[in-house]
Amino acid sequence: MKYKIIALLLVVIAALAYSCQSESEIEYMRYYTSGQELYKTRCQNCHGAQGEGLAALIPPLTDLEYLKKNREKLACYIENGLQLPILVNGKAYNGQMPASGLAPIEIAQVLTYVQNSFGNKMGLHNVEQVNGELGKCE
Amino acid sequence: MRLLAISIFSLLLWSSCTSNNRSNSILPIYGNREPVTKTVDGKIVTDTVYQTIPDFSFVNQYGKQINRKSLDGSIYVADFFFTSCPSICPIMHRNMLNVYKEFKNNGNVKIISHSIDPGHDSVPVLKKYADNLGISGDNWWFLQGNKEATYKLAESYLTAVKEDKSAPGGFVHAGYFILIDKQKRIRGTYDGTNADEVAKLIADVKTLQAEPENAIAQ
């Protein structure tokens, strides 16, 4: 009897864990697909359909090391634009990125898309994280 | 009987269509045209004069003077852009890079990109832009000069540019690539932001290269 209860509990816990996971999976997909649309209309002209950038003019979005190292600054870059020279894939880029005018939720969606496309796999970047990061822009 | 006639007629129509398609290997000539009558060897002949690109004088990314004559003997592709353009220029020049790579080792095809913002796009700025794009040699020139002259020239390419403070980057312009033959006539216009149309442009340049020098095209 005792074992039966334990077994049942285990099943319930497993089911809960599974449903939780699929809920976060749904949230991730919601961010990702909205981000994909935003990327097409707001980012793709410059950064390319495959995030490949443009020669030495516009940096690619495929440098996983760069994205990981600067994950918490990315929201500010999209919000305010970027004037500083940056080093991506070991190459320097000196151009300017204009401020996007996107809302925090849209920034989170685009970031989720970019960080999980073009060979990147960095998971959800949600609006709560983005709001926190925007409060700390330099 | 009637049915037979209809089917023969439609068959004829269909075959005339397909043969038209085949003669597509001659590109059309765009722009105004006018008949000109002149006397040659005592005979009166009527000739068609096509619209051509007028003379201009601009400076390229190497600081060298470039005019209409500099393009003699070349098929060329023209566009209008500015280096600080945040909207359609990057995608235009990503596509134009394909044209450049295709004909880089082919002396008689050139690309000229006119800056519509010469105030900002000085010769050193254009040189740096070309370098960053990976352009060397004389197959792709980035030209700057008098702003009004550039805008006026854009009209003869059947494209329009103008300053507009409310547009992204301060200018509005259409992202067209214009194909010009060795006689300076307009032979095609393509949406430079559309990779498929630019692939068509590359195919059309090859068609033009194969065209006999004095071909009569309508």
# chains A, B, ... in the order shown; residues from 1 in each chain; ligands from 1
$ residues_around --residues "Lys206 (chain B)" --least-positions-apart "6" --cutoff "12 Å" --atoms "only C-alpha atoms" --output "list of chain:residue names"
B:Ser25, B:Ile26, B:Leu27, B:Ile75, B:Tyr76, B:Val99, B:Glu102, B:Phe103, B:Asn106, B:Asn108, B:Val109, B:Leu179, B:Asp181, B:Ala199, B:Lys200
$ write_last_selection --atoms "C-alpha atoms" --output "mmCIF file, in the first residue's frame"
data_model
loop_
_atom_site.group_PDB
_atom_site.id
_atom_site.type_symbol
_atom_site.label_atom_id
_atom_site.label_comp_id
_atom_site.auth_asym_id
_atom_site.auth_seq_id
_atom_site.Cartn_x
_atom_site.Cartn_y
_atom_site.Cartn_z
ATOM 1 C CA SER B 25 16.762 36.725 -75.483
ATOM 2 C CA ILE B 26 16.797 40.313 -76.753
ATOM 3 C CA LEU B 27 16.242 42.758 -73.918
ATOM 4 C CA ILE B 75 27.847 47.403 -69.836
ATOM 5 C CA TYR B 76 27.054 48.821 -66.438
ATOM 6 C CA VAL B 99 26.724 41.039 -59.254
ATOM 7 C CA GLU B 102 29.946 37.376 -60.916
ATOM 8 C CA PHE B 103 31.658 39.926 -63.199
ATOM 9 C CA ASN B 106 35.210 40.653 -66.602
ATOM 10 C CA ASN B 108 33.428 45.142 -69.685
ATOM 11 C CA VAL B 109 30.898 45.053 -66.827
ATOM 12 C CA LEU B 179 21.076 48.071 -66.436
ATOM 13 C CA ASP B 181 24.151 48.857 -72.393
ATOM 14 C CA ALA B 199 19.609 37.017 -60.138
ATOM 15 C CA LYS B 200 17.544 38.027 -63.202
#
$ closest_atom_pairs --of "chain B" --to "chain A" --cutoff "12 Å" --atoms "only C-alpha atoms" --output "JSON lines"
{"residue": "B:Thr83", "atom": "CA", "partner": "A:Leu57", "partner_atom": "CA", "distance": 10.0}
{"residue": "B:Ser84", "atom": "CA", "partner": "A:Gln96", "partner_atom": "CA", "distance": 8.4}
{"residue": "B:Cys85", "atom": "CA", "partner": "A:Cys46", "partner_atom": "CA", "distance": 10.1}
{"residue": "B:Pro86", "atom": "CA", "partner": "A:Pro98", "partner_atom": "CA", "distance": 7.4}
{"residue": "B:Ser87", "atom": "CA", "partner": "A:Asn45", "partner_atom": "CA", "distance": 6.9}
{"residue": "B:Ile88", "atom": "CA", "partner": "A:Asn45", "partner_atom": "CA", "distance": 6.4}
{"residue": "B:Cys89", "atom": "CA", "partner": "A:Asn45", "partner_atom": "CA", "distance": 8.1}
{"residue": "B:Pro90", "atom": "CA", "partner": "A:Cys46", "partner_atom": "CA", "distance": 5.3}
{"residue": "B:Ile91", "atom": "CA", "partner": "A:Asn45", "partner_atom": "CA", "distance": 5.1}
{"residue": "B:Met92", "atom": "CA", "partner": "A:Asn45", "partner_atom": "CA", "distance": 8.7}
{"residue": "B:His93", "atom": "CA", "partner": "A:Leu54", "partner_atom": "CA", "distance": 8.6}
{"residue": "B:Arg94", "atom": "CA", "partner": "A:Leu54", "partner_atom": "CA", "distance": 6.5}
{"residue": "B:Asn95", "atom": "CA", "partner": "A:Leu54", "partner_atom": "CA", "distance": 10.2}
{"residue": "B:Met96", "atom": "CA", "partner": "A:Leu54", "partner_atom": "CA", "distance": 11.5}
{"residue": "B:Leu97", "atom": "CA", "partner": "A:Ala55", "partner_atom": "CA", "distance": 9.6}
{"residue": "B:Val125", "atom": "CA", "partner": "A:Gly95", "partner_atom": "CA", "distance": 11.7}
{"residue": "B:Lys128", "atom": "CA", "partner": "A:Leu57", "partner_atom": "CA", "distance": 9.6}
{"residue": "B:Tyr129", "atom": "CA", "partner": "A:Leu57", "partner_atom": "CA", "distance": 7.4}
{"residue": "B:Ala130", "atom": "CA", "partner": "A:Leu57", "partner_atom": "CA", "distance": 9.4}
{"residue": "B:Asp131", "atom": "CA", "partner": "A:Ala56", "partner_atom": "CA", "distance": 8.2}
{"residue": "B:Asn132", "atom": "CA", "partner": "A:Ala56", "partner_atom": "CA", "distance": 4.6}
{"residue": "B:Leu133", "atom": "CA", "partner": "A:Ala55", "partner_atom": "CA", "distance": 5.2}
{"residue": "B:Gly134", "atom": "CA", "partner": "A:Ala55", "partner_atom": "CA", "distance": 6.7}
{"residue": "B:Ile135", "atom": "CA", "partner": "A:Ala55", "partner_atom": "CA", "distance": 10.0}
{"residue": "B:Pro168", "atom": "CA", "partner": "A:Pro98", "partner_atom": "CA", "distance": 9.8}
{"residue": "B:Gly169", "atom": "CA", "partner": "A:Pro98", "partner_atom": "CA", "distance": 9.7}
{"residue": "B:Gly192", "atom": "CA", "partner": "A:Asn45", "partner_atom": "CA", "distance": 11.8}
{"residue": "B:Thr193", "atom": "CA", "partner": "A:Asn45", "partner_atom": "CA", "distance": 8.6}
{"residue": "B:Asn194", "atom": "CA", "partner": "A:Asn45", "partner_atom": "CA", "distance": 10.8}
{"residue": "B:Ala195", "atom": "CA", "partner": "A:Ala49", "partner_atom": "CA", "distance": 11.4}
$ residues_around --residues "Ser122 (chain B)" --least-positions-apart "3" --cutoff "9 Å" --atoms "only C-alpha atoms" --output "short mmCIF file (atom, residue, chain, number, x, y, z; two decimals) with C-alpha atoms, in the first residue's frame"
data_model
loop_
_atom_site.label_atom_id
_atom_site.label_comp_id
_atom_site.auth_asym_id
_atom_site.auth_seq_id
_atom_site.Cartn_x
_atom_site.Cartn_y
_atom_site.Cartn_z
CA GLN B 61 36.33 56.41 -54.21
CA ASP B 117 24.32 62.34 -49.62
CA PRO B 118 27.60 63.86 -50.90
CA GLY B 119 27.74 66.18 -47.87
CA VAL B 125 34.16 57.94 -46.49
CA LEU B 126 33.34 56.20 -49.78
CA LYS B 127 36.80 54.60 -49.90
CA GLN B 144 29.98 61.55 -55.33
CA GLY B 145 29.63 65.10 -56.59
#
$ closest_residue --among "B:Pro28, B:Ser113, B:Val161, B:Val59" --to "Asp204 (chain B)" --atoms "only C-alpha atoms"
B:Pro28
$ atom_distance --atom1 "CA of Ser34 (chain A)" --atom2 "CA of Val110 (chain A)"
7.5 Å
$ residues_around --residues "region 67-72 of chain A" --least-positions-apart "3" --cutoff "8 Å" --atoms "only C-alpha atoms" --output "list in words"
Asp63, Leu64, Ala75, Gln115 and Glu133 of chain A
$ residues_around --residues "Gln129 (chain A)" --least-positions-apart "4" --cutoff "12 Å" --atoms "only C-alpha atoms" --output "count of residues only"
19
$ closest_residue --among "B:Asn98, B:Glu163, B:Ala210, B:Gln183" --to "Asp196 (chain B)" --atoms "only C-alpha atoms"
B:Asn98
$ residues_around --residues "Val88 (chain A)" --least-positions-apart "3" --cutoff "8 Å" --atoms "only C-alpha atoms" --output "number ranges by chain"
A: 59-60, 63, 66, 91-93
$ closest_residue --among "B:Asn32, B:Asn139, B:Thr207, B:Gln51" --to "Lys104 (chain B)" --atoms "only C-alpha atoms"
B:Asn139
$ closest_residue --among "A:Ser100, A:Asn126, A:Asn116, A:Asn131" --to "Gln50 (chain A)" --atoms "only C-alpha atoms"
A:Asn116
$ decode --residues "region 127-149 of chain B" --atoms "N, CA and C atoms" --output "mmCIF file, in the first residue's frame"
data_model
loop_
_atom_site.group_PDB
_atom_site.id
_atom_site.type_symbol
_atom_site.label_atom_id
_atom_site.label_comp_id
_atom_site.auth_asym_id
_atom_site.auth_seq_id
_atom_site.Cartn_x
_atom_site.Cartn_y
_atom_site.Cartn_z
ATOM 1 N N LYS B 127 35.688 55.558 -49.799
ATOM 2 C CA LYS B 127 36.795 54.597 -49.896
ATOM 3 C C LYS B 127 36.714 53.586 -48.753
ATOM 4 N N LYS B 128 36.444 54.091 -47.557
ATOM 5 C CA LYS B 128 36.349 53.218 -46.394
ATOM 6 C C LYS B 128 35.170 52.258 -46.547
ATOM 7 N N TYR B 129 34.066 52.785 -47.057
ATOM 8 C CA TYR B 129 32.874 51.949 -47.280
ATOM 9 C C TYR B 129 33.192 50.829 -48.264
ATOM 10 N N ALA B 130 33.866 51.209 -49.369
ATOM 11 C CA ALA B 130 34.243 50.215 -50.387
ATOM 12 C C ALA B 130 35.179 49.167 -49.796
ATOM 13 N N ASP B 131 36.164 49.629 -49.015
ATOM 14 C CA ASP B 131 37.100 48.700 -48.370
ATOM 15 C C ASP B 131 36.353 47.718 -47.467
ATOM 16 N N ASN B 132 35.441 48.269 -46.652
ATOM 17 C CA ASN B 132 34.697 47.417 -45.729
ATOM 18 C C ASN B 132 33.800 46.417 -46.453
ATOM 19 N N LEU B 133 33.381 46.809 -47.654
ATOM 20 C CA LEU B 133 32.538 45.908 -48.444
ATOM 21 C C LEU B 133 33.392 44.876 -49.184
ATOM 22 N N GLY B 134 34.719 45.099 -49.167
ATOM 23 C CA GLY B 134 35.627 44.157 -49.822
ATOM 24 C C GLY B 134 35.811 44.435 -51.300
ATOM 25 N N ILE B 135 35.618 45.715 -51.702
ATOM 26 C CA ILE B 135 35.715 46.081 -53.117
ATOM 27 C C ILE B 135 37.100 46.644 -53.416
ATOM 28 N N SER B 136 37.730 46.116 -54.461
ATOM 29 C CA SER B 136 38.995 46.693 -54.908
ATOM 30 C C SER B 136 38.947 46.783 -56.432
ATOM 31 N N GLY B 137 39.922 47.492 -57.010
ATOM 32 C CA GLY B 137 39.973 47.595 -58.458
ATOM 33 C C GLY B 137 38.934 48.562 -59.016
ATOM 34 N N ASP B 138 38.668 48.452 -60.323
ATOM 35 C CA ASP B 138 37.836 49.438 -61.007
ATOM 36 C C ASP B 138 36.529 48.860 -61.541
ATOM 37 N N ASN B 139 36.042 47.758 -60.940
ATOM 38 C CA ASN B 139 34.775 47.201 -61.403
ATOM 39 C C ASN B 139 33.562 47.829 -60.721
ATOM 40 N N TRP B 140 33.774 48.364 -59.531
ATOM 41 C CA TRP B 140 32.661 48.985 -58.788
ATOM 42 C C TRP B 140 33.127 50.336 -58.289
ATOM 43 N N TRP B 141 32.530 51.381 -58.848
ATOM 44 C CA TRP B 141 32.868 52.740 -58.421
ATOM 45 C C TRP B 141 31.763 53.313 -57.551
ATOM 46 N N PHE B 142 32.195 54.014 -56.487
ATOM 47 C CA PHE B 142 31.260 54.743 -55.632
ATOM 48 C C PHE B 142 31.488 56.214 -55.928
ATOM 49 N N LEU B 143 30.443 56.876 -56.457
ATOM 50 C CA LEU B 143 30.632 58.227 -56.978
ATOM 51 C C LEU B 143 29.950 59.269 -56.107
ATOM 52 N N GLN B 144 30.613 60.429 -56.005
ATOM 53 C CA GLN B 144 29.981 61.550 -55.327
ATOM 54 C C GLN B 144 30.280 62.833 -56.084
ATOM 55 N N GLY B 145 29.433 63.825 -55.907
ATOM 56 C CA GLY B 145 29.626 65.100 -56.591
ATOM 57 C C GLY B 145 28.477 66.016 -56.243
ATOM 58 N N ASN B 146 28.210 66.961 -57.106
ATOM 59 C CA ASN B 146 27.142 67.924 -56.877
ATOM 60 C C ASN B 146 25.804 67.218 -56.648
ATOM 61 N N LYS B 147 25.132 67.619 -55.551
ATOM 62 C CA LYS B 147 23.912 66.928 -55.156
ATOM 63 C C LYS B 147 22.790 67.096 -56.185
ATOM 64 N N GLU B 148 22.599 68.340 -56.650
ATOM 65 C CA GLU B 148 21.523 68.575 -57.623
ATOM 66 C C GLU B 148 21.787 67.793 -58.914
ATOM 67 N N ALA B 149 23.068 67.750 -59.321
ATOM 68 C CA ALA B 149 23.429 67.027 -60.547
ATOM 69 C C ALA B 149 23.131 65.529 -60.383
#
